[in-house]
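Just protein-v6.csv here, CSV, C-alpha atoms:
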chain,number,residue,atom,x,y,z
A,20,MET,CA,-25.9,-11.3,3.8
A,21,ILE,CA,-24.0,-8.1,2.7
A,22,PRO,CA,-26.2,-4.9,2.6
A,23,ASP,CA,-26.8,-3.4,-0.9
A,24,ALA,CA,-25.3,-0.1,0.0
A,25,LEU,CA,-22.0,-1.9,1.0
A,26,SER,CA,-22.0,-4.0,-2.2
A,27,ARG,CA,-22.3,-0.8,-4.2
A,28,LEU,CA,-19.6,0.9,-2.3
A,29,VAL,CA,-17.2,-2.1,-2.7
A,30,HIS,CA,-18.0,-2.2,-6.4
A,31,LEU,CA,-17.1,1.5,-6.8
A,32,LEU,CA,-14.0,1.3,-4.7
A,33,ALA,CA,-12.8,-1.7,-6.8
A,34,ARG,CA,-12.6,0.7,-9.8
A,35,LEU,CA,-9.7,2.6,-8.3
A,36,PRO,CA,-6.4,1.6,-9.9
A,37,GLY,CA,-4.8,-1.5,-8.5
A,38,VAL,CA,-7.7,-2.1,-6.1
A,39,GLY,CA,-9.3,-5.6,-6.3
A,40,GLU,CA,-12.5,-6.8,-4.6
A,41,LYS,CA,-10.7,-7.8,-1.4
A,42,THR,CA,-8.9,-4.5,-0.9
A,43,ALA,CA,-12.2,-2.6,-1.8
A,44,GLN,CA,-14.0,-4.6,0.9
A,45,ARG,CA,-11.2,-3.7,3.4
A,46,PHE,CA,-11.5,0.0,2.5
A,47,ALA,CA,-15.3,-0.2,2.8
A,48,LEU,CA,-15.2,-1.9,6.2
A,49,HIS,CA,-12.7,0.7,7.4
A,50,LEU,CA,-14.9,3.5,6.2
A,51,ILE,CA,-17.9,2.1,8.1
A,52,GLY,CA,-16.2,0.8,11.2
A,53,ASP,CA,-13.3,2.9,12.4
A,54,GLY,CA,-12.8,5.6,9.9
A,55,GLY,CA,-14.4,8.2,12.2
A,56,ASP,CA,-15.5,11.1,10.0
A,57,LEU,CA,-13.6,9.8,7.0
A,58,ALA,CA,-16.6,8.6,5.0
A,59,PRO,CA,-18.7,11.9,5.1
A,60,ARG,CA,-15.6,14.1,4.6
A,61,LEU,CA,-14.2,12.0,1.7
A,62,GLY,CA,-17.7,11.8,0.3
A,63,ALA,CA,-18.2,15.6,0.3
A,64,GLU,CA,-14.8,16.2,-1.4
A,65,LEU,CA,-15.6,13.7,-4.1
A,66,VAL,CA,-19.1,15.0,-4.8
A,67,SER,CA,-17.7,18.5,-5.6
A,68,LEU,CA,-14.4,17.3,-7.0
A,69,MET,CA,-15.4,17.7,-10.7
A,70,GLU,CA,-16.7,21.2,-10.1
A,71,ARG,CA,-13.4,22.3,-8.5
A,72,ILE,CA,-10.7,20.4,-10.4
A,73,ARG,CA,-10.5,19.6,-14.0
A,74,PRO,CA,-7.7,18.9,-16.6
A,75,CYS,CA,-6.1,22.2,-17.7
A,76,VAL,CA,-7.6,23.3,-21.0
A,77,ARG,CA,-4.1,24.0,-22.4
A,78,CYS,CA,-1.9,21.2,-21.2
A,79,GLY,CA,-4.0,18.5,-19.4
A,80,ASN,CA,-2.4,19.1,-16.0
A,81,ILE,CA,-4.8,19.2,-13.0
A,82,ALA,CA,-6.2,22.7,-12.6
A,83,GLU,CA,-8.5,24.5,-10.2
A,84,VAL,CA,-11.7,25.7,-11.9
A,85,ASP,CA,-12.1,29.5,-11.6
A,86,ASP,CA,-15.4,31.4,-11.1
A,87,SER,CA,-16.1,31.6,-14.8
A,88,GLY,CA,-15.8,27.8,-15.1
A,89,HIS,CA,-12.4,28.0,-16.8
A,90,ALA,CA,-9.6,25.5,-15.8
A,91,GLU,CA,-6.1,26.6,-16.5
A,92,CYS,CA,-3.2,25.2,-14.4
A,93,GLY,CA,-0.6,27.0,-12.4
A,94,VAL,CA,2.2,26.3,-14.9
A,95,CYS,CA,0.2,27.6,-17.9
A,96,ARG,CA,-0.8,30.7,-16.0
A,97,ASP,CA,2.8,31.4,-14.8
A,98,PRO,CA,4.2,34.2,-17.1
A,99,ARG,CA,7.8,33.4,-16.1
A,100,ARG,CA,7.6,30.0,-17.9
A,101,ASP,CA,9.3,29.8,-21.3
A,102,GLY,CA,6.5,29.1,-23.8
A,103,LYS,CA,9.1,28.1,-26.5
A,104,LEU,CA,10.0,25.0,-24.5
A,105,LEU,CA,7.4,22.3,-24.3
A,106,CYS,CA,7.8,19.1,-22.3
A,107,VAL,CA,5.6,16.2,-23.5
A,108,VAL,CA,4.7,13.7,-20.8
A,109,ALA,CA,2.4,10.6,-20.8
A,110,ARG,CA,0.5,11.2,-17.6
A,111,VAL,CA,-0.2,13.9,-15.0
A,112,GLN,CA,1.9,11.9,-12.5
A,113,ASP,CA,4.9,12.3,-14.8
A,114,LEU,CA,4.3,16.0,-15.1
A,115,LEU,CA,4.3,16.3,-11.3
A,116,ALA,CA,7.5,14.3,-11.0
A,117,VAL,CA,9.3,16.6,-13.6
A,118,GLU,CA,7.9,19.6,-11.7
A,119,ARG,CA,9.3,18.3,-8.4
A,120,SER,CA,12.8,18.0,-10.0
A,121,GLY,CA,12.7,21.8,-10.6
A,122,ALA,CA,14.7,21.3,-13.8
A,123,MET,CA,11.9,22.3,-16.2
A,124,ARG,CA,11.5,26.0,-17.0
A,125,GLY,CA,9.1,25.5,-19.9
A,126,ARG,CA,5.5,24.3,-20.1
A,127,TYR,CA,3.9,20.9,-20.5
A,128,PHE,CA,1.7,18.8,-22.7
A,129,VAL,CA,0.1,15.7,-21.3
A,130,LEU,CA,-0.6,13.0,-23.9
A,131,GLY,CA,-2.8,11.0,-21.7
A,132,ARG,CA,-1.6,7.7,-23.2
A,133,LEU,CA,1.3,6.2,-25.1
A,134,LEU,CA,1.5,4.6,-28.5
A,135,SER,CA,1.0,0.9,-27.9
A,136,PRO,CA,0.4,-1.1,-31.1
A,137,LEU,CA,0.1,-4.4,-29.0
A,138,ASP,CA,-2.8,-2.9,-27.0
A,139,GLY,CA,-4.3,-1.4,-30.2
A,140,VAL,CA,-3.4,2.2,-29.4
A,141,GLY,CA,-2.4,3.7,-32.7
A,142,PRO,CA,-1.3,7.3,-33.7
A,143,ASP,CA,-5.0,8.3,-34.1
A,144,GLU,CA,-5.6,7.7,-30.4
A,145,LEU,CA,-3.0,10.3,-29.4
A,146,PRO,CA,-3.9,14.1,-29.3
A,147,LEU,CA,-1.4,15.0,-32.1
A,148,GLY,CA,-3.7,17.6,-33.6
A,149,GLU,CA,-3.9,19.4,-30.2
A,150,LEU,CA,-0.2,19.2,-29.8
A,151,SER,CA,0.3,20.6,-33.3
A,152,ARG,CA,-2.0,23.6,-32.5
A,153,ARG,CA,-0.2,24.2,-29.2
A,154,ILE,CA,3.2,24.3,-31.1
A,155,ASP,CA,1.8,26.9,-33.5
A,156,GLN,CA,0.1,29.0,-30.9
A,157,ASP,CA,3.0,29.2,-28.4
A,158,GLY,CA,5.7,29.3,-31.1
A,159,VAL,CA,7.3,26.3,-29.5
A,160,GLU,CA,11.0,25.9,-30.6
A,161,GLU,CA,12.0,22.8,-28.6
A,162,LEU,CA,9.9,19.7,-27.8
A,163,ILE,CA,11.4,17.8,-24.8
A,164,VAL,CA,10.0,14.2,-25.1
A,165,ALA,CA,9.7,13.0,-21.5
A,166,THR,CA,7.8,9.8,-22.1
A,167,PRO,CA,9.2,6.8,-20.1
A,168,PRO,CA,12.2,4.9,-21.5
A,169,SER,CA,10.0,1.8,-22.1
A,170,VAL,CA,9.0,0.2,-25.5
A,171,ASP,CA,5.8,2.2,-25.7
A,172,GLY,CA,7.5,5.4,-24.5
A,173,GLU,CA,10.2,5.1,-27.1
A,174,ALA,CA,7.7,4.3,-29.8
A,175,THR,CA,5.8,7.4,-28.9
A,176,ALA,CA,9.0,9.5,-29.0
A,177,LEU,CA,9.8,8.2,-32.5
A,178,LEU,CA,6.2,9.0,-33.6
A,179,LEU,CA,6.6,12.6,-32.2
A,180,ALA,CA,9.9,13.0,-33.9
A,181,ARG,CA,8.4,11.9,-37.3
A,182,GLU,CA,5.4,14.2,-36.9
A,183,PHE,CA,7.1,17.3,-35.6
A,184,GLY,CA,10.8,16.9,-36.3
A,185,THR,CA,10.7,19.2,-39.3
A,186,ARG,CA,8.9,22.0,-37.4
A,187,VAL,CA,10.7,22.1,-34.0
A,188,ARG,CA,13.9,20.9,-32.4
A,189,LEU,CA,13.2,17.6,-30.6
A,190,SER,CA,15.0,16.2,-27.6
A,191,ARG,CA,14.6,13.2,-25.5
A,192,ILE,CA,15.3,13.0,-21.7
A,193,ALA,CA,18.5,11.1,-20.8
A,194,SER,CA,18.3,7.4,-19.9
A,195,GLY,CA,21.0,5.8,-17.8
A,196,VAL,CA,22.1,4.6,-14.3
A,197,PRO,CA,19.9,6.6,-11.8
A,198,HIS,CA,21.6,9.0,-9.3
A,199,GLY,CA,22.8,7.0,-6.3
A,200,GLY,CA,22.3,3.8,-8.3
A,201,ASP,CA,24.8,0.9,-8.3
A,202,LEU,CA,26.4,-0.1,-11.6
A,203,GLU,CA,26.5,-3.7,-10.3
A,204,PHE,CA,22.8,-3.9,-10.0
A,205,ALA,CA,21.8,-1.9,-13.1
A,206,ASP,CA,20.2,-4.0,-15.9
A,207,MET,CA,22.0,-4.5,-19.2
A,208,ILE,CA,19.8,-2.2,-21.2
A,209,THR,CA,20.1,0.7,-18.7
A,210,LEU,CA,23.9,0.3,-18.6
A,211,GLY,CA,24.0,0.1,-22.4
A,212,ARG,CA,22.1,3.3,-22.6
A,213,ALA,CA,24.2,5.0,-20.0
A,214,ILE,CA,27.3,4.2,-22.2
A,215,ASP,CA,25.7,5.2,-25.5
A,216,GLY,CA,24.5,8.4,-23.9
A,217,ARG,CA,27.9,9.3,-22.4
A,218,ARG,CA,28.9,13.0,-22.3
A,219,ASN,CA,32.3,14.6,-22.4
A,220,ILE,CA,33.7,15.8,-19.1
A,221,ASP,CA,34.7,19.4,-19.7
B,25,MET,CA,1.5,23.8,-7.6
B,26,ILE,CA,-1.1,21.2,-6.5
B,27,PRO,CA,-4.6,22.6,-6.0
B,28,ASP,CA,-5.9,22.7,-2.4
B,29,ALA,CA,-8.9,20.5,-3.2
B,30,LEU,CA,-6.6,17.9,-4.5
B,31,SER,CA,-4.3,18.0,-1.5
B,32,ARG,CA,-7.3,17.6,0.8
B,33,LEU,CA,-8.5,14.6,-1.2
B,34,VAL,CA,-5.0,13.0,-1.2
B,35,HIS,CA,-4.8,13.5,2.5
B,36,LEU,CA,-8.2,11.8,3.1
B,37,LEU,CA,-7.5,8.9,0.8
B,38,ALA,CA,-4.2,8.3,2.6
B,39,ARG,CA,-6.2,7.4,5.7
B,40,LEU,CA,-7.5,4.3,4.0
B,41,PRO,CA,-5.8,1.2,5.4
B,42,GLY,CA,-2.5,0.3,3.6
B,43,VAL,CA,-2.7,3.5,1.4
B,44,GLY,CA,0.3,5.8,1.5
B,45,GLU,CA,0.8,9.3,0.0
B,46,LYS,CA,1.8,8.0,-3.4
B,47,THR,CA,-1.1,5.6,-3.8
B,48,ALA,CA,-3.5,8.2,-2.5
B,49,GLN,CA,-2.2,10.6,-5.2
B,50,ARG,CA,-2.6,7.9,-7.8
B,51,PHE,CA,-6.2,7.3,-6.7
B,52,ALA,CA,-6.9,11.0,-6.7
B,53,LEU,CA,-5.6,11.6,-10.2
B,54,HIS,CA,-7.6,8.6,-11.5
B,55,LEU,CA,-10.7,10.0,-9.9
B,56,ILE,CA,-10.1,13.4,-11.6
B,57,GLY,CA,-8.8,12.2,-14.9
B,58,ASP,CA,-10.2,9.0,-16.2
B,59,GLY,CA,-12.6,7.7,-13.5
B,60,GLY,CA,-15.6,8.9,-15.6
B,61,ASP,CA,-18.5,9.2,-13.2
B,62,LEU,CA,-16.6,7.4,-10.4
B,63,ALA,CA,-15.9,10.5,-8.2
B,64,PRO,CA,-19.5,11.8,-7.9
B,65,ARG,CA,-21.0,8.3,-7.5
B,66,LEU,CA,-18.5,7.2,-4.9
B,67,GLY,CA,-18.9,10.6,-3.2
B,68,ALA,CA,-22.7,10.2,-3.0
B,69,GLU,CA,-22.4,6.7,-1.6
B,70,LEU,CA,-19.9,7.8,1.1
B,71,VAL,CA,-22.0,10.9,2.1
B,72,SER,CA,-25.0,8.8,3.0
B,73,LEU,CA,-23.0,5.7,4.1
B,74,MET,CA,-23.4,6.3,7.8
B,75,GLU,CA,-27.1,6.8,7.6
B,76,ARG,CA,-27.6,3.5,5.8
B,77,ILE,CA,-25.0,1.2,7.3
B,78,ARG,CA,-23.9,0.9,10.9
B,79,PRO,CA,-22.5,-1.9,13.1
B,80,CYS,CA,-25.3,-4.3,14.3
B,81,VAL,CA,-26.4,-3.3,17.8
B,82,ARG,CA,-26.3,-7.0,18.9
B,83,CYS,CA,-23.1,-8.4,17.3
B,84,GLY,CA,-21.1,-5.6,15.6
B,85,ASN,CA,-21.6,-7.1,12.1
B,86,ILE,CA,-22.4,-4.5,9.4
B,87,ALA,CA,-26.1,-3.9,9.2
B,88,GLU,CA,-28.5,-1.8,7.2
B,89,VAL,CA,-30.3,0.9,9.2
B,90,ASP,CA,-34.1,0.4,9.1
B,91,ASP,CA,-36.7,3.2,9.0
B,92,SER,CA,-36.8,3.6,12.7
B,93,GLY,CA,-33.0,4.1,12.8
B,94,HIS,CA,-32.3,0.7,14.2
B,95,ALA,CA,-29.4,-1.4,12.9
B,96,GLU,CA,-29.6,-5.2,13.3
B,97,CYS,CA,-27.8,-7.5,10.9
B,98,GLY,CA,-29.2,-10.3,8.8
B,99,VAL,CA,-27.6,-13.0,11.0
B,100,CYS,CA,-29.1,-11.6,14.2
B,101,ARG,CA,-32.6,-11.2,12.5
B,102,ASP,CA,-32.5,-14.7,11.1
B,103,PRO,CA,-34.8,-16.9,13.3
B,104,ARG,CA,-33.3,-20.1,12.0
B,105,ARG,CA,-29.9,-19.3,13.6
B,106,ASP,CA,-29.1,-21.2,16.8
B,107,GLY,CA,-28.9,-18.6,19.5
B,108,LYS,CA,-27.2,-21.0,21.9
B,109,LEU,CA,-24.1,-21.1,19.7
B,110,LEU,CA,-22.0,-17.9,19.7
B,111,CYS,CA,-18.9,-17.5,17.5
B,112,VAL,CA,-16.5,-14.8,18.7
B,113,VAL,CA,-14.4,-13.1,16.0
B,114,ALA,CA,-11.9,-10.3,16.0
B,115,ARG,CA,-13.2,-8.3,13.0
B,116,VAL,CA,-16.1,-8.0,10.7
B,117,GLN,CA,-13.9,-9.4,7.9
B,118,ASP,CA,-13.4,-12.6,9.9
B,119,LEU,CA,-17.2,-12.9,10.4
B,120,LEU,CA,-17.8,-12.6,6.7
B,121,ALA,CA,-15.1,-15.2,6.0
B,122,VAL,CA,-16.8,-17.7,8.5
B,123,GLU,CA,-20.2,-16.9,6.9
B,124,ARG,CA,-18.8,-17.7,3.5
B,125,SER,CA,-17.7,-21.1,4.7
B,126,GLY,CA,-21.3,-21.9,5.5
B,127,ALA,CA,-20.2,-24.0,8.5
B,128,MET,CA,-21.6,-21.7,11.2
B,129,ARG,CA,-25.3,-22.2,12.2
B,130,GLY,CA,-25.1,-20.0,15.3
B,131,ARG,CA,-24.7,-16.2,15.7
B,132,TYR,CA,-21.7,-14.0,16.1
B,133,PHE,CA,-20.0,-11.5,18.4
B,134,VAL,CA,-17.4,-9.1,17.0
B,135,LEU,CA,-14.7,-8.1,19.5
B,136,GLY,CA,-13.4,-5.3,17.4
B,137,ARG,CA,-9.8,-5.9,18.6
B,138,LEU,CA,-7.6,-8.5,20.1
B,139,LEU,CA,-5.8,-8.6,23.5
B,140,SER,CA,-2.3,-7.3,22.7
B,141,PRO,CA,-0.2,-6.5,25.8
B,142,LEU,CA,2.7,-5.3,23.7
B,143,ASP,CA,0.5,-2.7,22.0
B,144,GLY,CA,-1.0,-1.7,25.3
B,145,VAL,CA,-4.4,-3.4,24.7
B,146,GLY,CA,-5.4,-5.0,28.0
B,147,PRO,CA,-8.6,-6.9,29.0
B,148,ASP,CA,-10.4,-3.6,29.8
B,149,GLU,CA,-10.2,-2.5,26.2
B,150,LEU,CA,-12.2,-5.6,25.1
B,151,PRO,CA,-16.1,-5.5,25.2
B,152,LEU,CA,-16.2,-8.3,27.8
B,153,GLY,CA,-19.2,-6.8,29.6
B,154,GLU,CA,-21.2,-6.7,26.4
B,155,LEU,CA,-20.3,-10.3,25.6
B,156,SER,CA,-21.3,-11.4,29.1
B,157,ARG,CA,-24.7,-9.7,28.7
B,158,ARG,CA,-25.1,-11.3,25.3
B,159,ILE,CA,-24.4,-14.8,26.8
B,160,ASP,CA,-27.1,-14.2,29.5
B,161,GLN,CA,-29.7,-12.8,27.2
B,162,ASP,CA,-29.4,-15.4,24.5
B,163,GLY,CA,-28.8,-18.3,26.9
B,164,VAL,CA,-25.6,-19.1,25.0
B,165,GLU,CA,-24.3,-22.7,25.7
B,166,GLU,CA,-21.2,-22.8,23.5
B,167,LEU,CA,-18.7,-20.1,22.7
B,168,ILE,CA,-16.7,-20.8,19.6
B,169,VAL,CA,-13.6,-18.7,19.8
B,170,ALA,CA,-12.6,-17.9,16.1
B,171,THR,CA,-9.9,-15.4,16.8
B,172,PRO,CA,-6.9,-15.9,14.5
B,173,PRO,CA,-4.2,-18.5,15.5
B,174,SER,CA,-1.7,-15.7,16.2
B,175,VAL,CA,-0.1,-14.7,19.5
B,176,ASP,CA,-2.7,-12.0,20.1
B,177,GLY,CA,-5.5,-14.3,18.9
B,178,GLU,CA,-4.4,-17.1,21.3
B,179,ALA,CA,-4.0,-14.6,24.2
B,180,THR,CA,-7.6,-13.4,23.6
B,181,ALA,CA,-8.8,-17.0,23.5
B,182,LEU,CA,-7.2,-17.7,26.8
B,183,LEU,CA,-8.7,-14.6,28.3
B,184,LEU,CA,-12.2,-15.6,27.1
B,185,ALA,CA,-11.7,-19.1,28.5
B,186,ARG,CA,-10.8,-17.6,31.9
B,187,GLU,CA,-13.7,-15.1,31.9
B,188,PHE,CA,-16.5,-17.4,30.6
B,189,GLY,CA,-15.2,-20.9,31.0
B,190,THR,CA,-17.3,-21.6,34.1
B,191,ARG,CA,-20.5,-20.4,32.5
B,192,VAL,CA,-20.4,-21.8,29.0
B,193,ARG,CA,-18.7,-24.5,27.0
B,194,LEU,CA,-15.7,-23.0,25.2
B,195,SER,CA,-14.2,-24.3,21.9
B,196,ARG,CA,-11.5,-23.0,19.7
B,197,ILE,CA,-11.4,-23.4,15.8
B,198,ALA,CA,-8.9,-25.9,14.6
B,199,SER,CA,-5.5,-24.9,13.5
B,200,GLY,CA,-3.4,-27.0,11.1
B,201,VAL,CA,-2.3,-27.5,7.5
B,202,PRO,CA,-4.8,-25.6,5.3
B,203,HIS,CA,-7.0,-27.6,2.8
B,204,GLY,CA,-5.0,-28.1,-0.4
B,205,GLY,CA,-1.8,-27.1,1.4
B,206,ASP,CA,1.5,-28.8,1.1
B,207,LEU,CA,3.2,-30.3,4.2
B,208,GLU,CA,6.6,-29.6,2.7
B,209,PHE,CA,5.9,-25.9,2.7
B,210,ALA,CA,3.9,-25.7,6.0
B,211,ASP,CA,5.8,-23.9,8.8
B,212,MET,CA,7.0,-25.7,11.9
B,213,ILE,CA,4.3,-24.3,14.2
B,214,THR,CA,1.4,-25.0,11.8
B,215,LEU,CA,2.7,-28.6,11.4
B,216,GLY,CA,3.1,-29.0,15.1
B,217,ARG,CA,-0.4,-27.8,15.7
B,218,ALA,CA,-1.7,-30.1,13.0
B,219,ILE,CA,-0.2,-33.1,14.8
B,220,ASP,CA,-1.2,-32.0,18.3
B,221,GLY,CA,-4.8,-31.4,17.0
B,222,ARG,CA,-5.0,-34.8,15.2
B,223,ARG,CA,-8.3,-36.6,15.2
B,224,ASN,CA,-9.1,-40.3,15.1
B,225,ILE,CA,-10.2,-41.6,11.7
B,226,ASP,CA,-13.5,-43.4,12.3
Go ahead and express the file in the form of structure tokens.
Amino acid sequence: MIPDALSRLVHLLARLPGVGEKTAQRFALHLIGDGGDLAPRLGAELVSLMERIRPCVRCGNIAEVDDSGHAECGVCRDPRRDGKLLCVVARVQDLLAVERSGAMRGRYFVLGRLLSPLDGVGPDELPLGELSRRIDQDGVEELIVATPPSVDGEATALLLAREFGTRVRLSRIASGVPHGGDLEFADMITLGRAIDGRRNID
Amino acid sequence: MIPDALSRLVHLLARLPGVGEKTAQRFALHLIGDGGDLAPRLGAELVSLMERIRPCVRCGNIAEVDDSGHAECGVCRDPRRDGKLLCVVARVQDLLAVERSGAMRGRYFVLGRLLSPLDGVGPDELPLGELSRRIDQDGVEELIVATPPSVDGEATALLLAREFGTRVRLSRIASGVPHGGDLEFADMITLGRAIDGRRNID
């Protein structure tokens, strides 16, 4: 009943994060029916995507591939960045969010995943060797651990502290009531952290 | 900060139905980072999509394009289907849903849109001429109006009744409490329709 080419397309679209069979079918029918030139244009972009964008060889951030096939991201190429300050994040999305804040003047290291004993992700699954080499090469003095304030994120932060705490200064991003947030609606743990992490008003 | 190729990709992905800038970015990073061979395979499918799948020339259902460039869907090609019974639906998705039920032994006609005076969609925007020709060509005797039981769907059903009521028998799919549904949680209108549309128990 459904053409093969459509089944294949639906199956591939369903591999996108958070997309199930139903949504994939909706995307596919939109691409066929009223997407205009969307299908061929999107197709062309995707076909050449891997040749043009790859993870940065130094930090894992997305980077444009240059003529010699080398991929180094804008942050790693920027000479004004402080190489002695390294911000460790779990995912590229987190790196982009920190960049948007404009508060980071150092460089980054994308772990790719978090320590998660319950899901079977142990220390060996994390790129600790790479991070260690990066610390040596760049002469990193401070490691800012910007993993999320979740169980896995905290476990990863503790692991990094244990691994690198003797070689560099380690810091953890603050956790507390978000800017514009309401104390009344903050959860217990967030409020507890906000109080534990209180700072003197100078 | 973000490579051009990525911005273009995010922009195109955000044209998928129900996908905003954030979700599009998530899709894009997945396609770059950990999608494996997803990007090139999906790209190849999309590039050739329009050459292989097009709306059926007779009913608007999705159809595989044959060697002569002709697109006629499986339902329209099936000689066992009753050509005198024509089911009118709003979208291809609805056609696929009716097909899955296995209850339809006739053929289909996809309107593509519903009458919606508030959104400026008048009778001229609907393919009434095409539907009229289809009724003549196939000698249609009954038109089953399977537009959704919404304001726009009902308005469209009324329009079809006014246009074709003198030439063919018109019927409307039943509206009521869904199978397995709970009367306690059915809304007033659904329950009202279920009672209005009651049938004798033989």
* Structure fact -> Between atom CA of A:Leu57 and atom CA of B:Gly67 lies a distance of 11.5 Å
* To do: Do me a favour and pick out the residues of chain A within 9 Å of chain B, using only C-alpha atoms, as a ChimeraX atom specification.
  => /A:20-25,27-28,31-32,34-36,44-46,48-52,54,57-69,71-74,81-83,92-94,111-112,115,118
Write out, as a tab-separated table (two decimals), in the frame of the given file, the residues just selected, with C-alpha atoms.
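Generated file (part_16.tsv):
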chain	number	residue	atom	x	y	z
A	20	MET	CA	-25.90	-11.30	3.80
A	21	ILE	CA	-24.00	-8.10	2.70
A	22	PRO	CA	-26.20	-4.90	2.60
A	23	ASP	CA	-26.80	-3.40	-0.90
A	24	ALA	CA	-25.30	-0.10	0.00
A	25	LEU	CA	-22.00	-1.90	1.00
A	27	ARG	CA	-22.30	-0.80	-4.20
A	28	LEU	CA	-19.60	0.90	-2.30
A	31	LEU	CA	-17.10	1.50	-6.80
A	32	LEU	CA	-14.00	1.30	-4.70
A	34	ARG	CA	-12.60	0.70	-9.80
A	35	LEU	CA	-9.70	2.60	-8.30
A	36	PRO	CA	-6.40	1.60	-9.90
A	44	GLN	CA	-14.00	-4.60	0.90
A	45	ARG	CA	-11.20	-3.70	3.40
A	46	PHE	CA	-11.50	0.00	2.50
A	48	LEU	CA	-15.20	-1.90	6.20
A	49	HIS	CA	-12.70	0.70	7.40
A	50	LEU	CA	-14.90	3.50	6.20
A	51	ILE	CA	-17.90	2.10	8.10
A	52	GLY	CA	-16.20	0.80	11.20
A	54	GLY	CA	-12.80	5.60	9.90
A	57	LEU	CA	-13.60	9.80	7.00
A	58	ALA	CA	-16.60	8.60	5.00
A	59	PRO	CA	-18.70	11.90	5.10
A	60	ARG	CA	-15.60	14.10	4.60
A	61	LEU	CA	-14.20	12.00	1.70
A	62	GLY	CA	-17.70	11.80	0.30
A	63	ALA	CA	-18.20	15.60	0.30
A	64	GLU	CA	-14.80	16.20	-1.40
A	65	LEU	CA	-15.60	13.70	-4.10
A	66	VAL	CA	-19.10	15.00	-4.80
A	67	SER	CA	-17.70	18.50	-5.60
A	68	LEU	CA	-14.40	17.30	-7.00
A	69	MET	CA	-15.40	17.70	-10.70
A	71	ARG	CA	-13.40	22.30	-8.50
A	72	ILE	CA	-10.70	20.40	-10.40
A	73	ARG	CA	-10.50	19.60	-14.00
A	74	PRO	CA	-7.70	18.90	-16.60
A	81	ILE	CA	-4.80	19.20	-13.00
A	82	ALA	CA	-6.20	22.70	-12.60
A	83	GLU	CA	-8.50	24.50	-10.20
A	92	CYS	CA	-3.20	25.20	-14.40
A	93	GLY	CA	-0.60	27.00	-12.40
A	94	VAL	CA	2.20	26.30	-14.90
A	111	VAL	CA	-0.20	13.90	-15.00
A	112	GLN	CA	1.90	11.90	-12.50
A	115	LEU	CA	4.30	16.30	-11.30
A	118	GLU	CA	7.90	19.60	-11.70
* Tell me, in Å to one decimal, how far atom CA of B:Leu184 is from atom CA of B:Ala127. =>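 Separating atom CA of B:Leu184 from atom CA of B:Ala127 is a distance of 21.9 Å.
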* Asked: Separation of atom CA of B:Leu109 and atom CA of B:Pro147, in Å?
  ->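 Atom CA of B:Pro147 lies 23.0 Å from atom CA of B:Leu109.
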* Proximity to A:Asp215 - best of A:Leu189, A:Val196, A:Val159, A:Leu202, only C-alpha atoms ->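 Looking at the shortest contact to A:Asp215, the residue is A:Val196.
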* Structure fact -> Restricting to only C-alpha atoms, whichever of B:Arg129, B:Arg105, B:Arg137, B:Arg158 is closest to B:Arg82 is B:Arg158
Env of B:Phe188: 10 Å cut, atoms = all atoms listed in the file, seq-sep filter 2 positions within chain, self excluded. Answer as a PDB file with C-alpha atoms, keeping the file's coordinate frame.
ATOM      1  CA  LEU B 152     -16.200  -8.300  27.800  1.00  0.00           C
ATOM      2  CA  LEU B 155     -20.300 -10.300  25.600  1.00  0.00           C
ATOM      3  CA  SER B 156     -21.300 -11.400  29.100  1.00  0.00           C
ATOM      4  CA  ILE B 159     -24.400 -14.800  26.800  1.00  0.00           C
ATOM      5  CA  LEU B 167     -18.700 -20.100  22.700  1.00  0.00           C
ATOM      6  CA  LEU B 183      -8.700 -14.600  28.300  1.00  0.00           C
ATOM      7  CA  LEU B 184     -12.200 -15.600  27.100  1.00  0.00           C
ATOM      8  CA  ALA B 185     -11.700 -19.100  28.500  1.00  0.00           C
ATOM      9  CA  ARG B 186     -10.800 -17.600  31.900  1.00  0.00           C
ATOM     10  CA  THR B 190     -17.300 -21.600  34.100  1.00  0.00           C
ATOM     11  CA  ARG B 191     -20.500 -20.400  32.500  1.00  0.00           C
ATOM     12  CA  VAL B 192     -20.400 -21.800  29.000  1.00  0.00           C
ATOM     13  CA  ARG B 193     -18.700 -24.500  27.000  1.00  0.00           C
ATOM     14  CA  LEU B 194     -15.700 -23.000  25.200  1.00  0.00           C
TER      15      LEU B 194
END
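Of the listed residues B:Gly44, B:Pro172, B:Pro103, B:Pro151, the one whose atoms come nearest to B:Glu187 is B:Pro151, with distances taken using all atoms listed in the file.
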* Pick from B:Ala95, B:Ala179, B:Ala198, B:Val169: nearest to B:Arg223, with all atoms listed in the file counted? -> B:Ala198
Using 4 Å of padding on each side, determine the axis-aligned box around all atoms of stretch 182-201 of chain A present in the file and give its centre and edge lengths in Å to one decimal, as JSON.
{"center_x": 15.1, "center_y": 11.5, "center_z": -22.8, "size_x": 27.4, "size_y": 29.2, "size_z": 41.0}
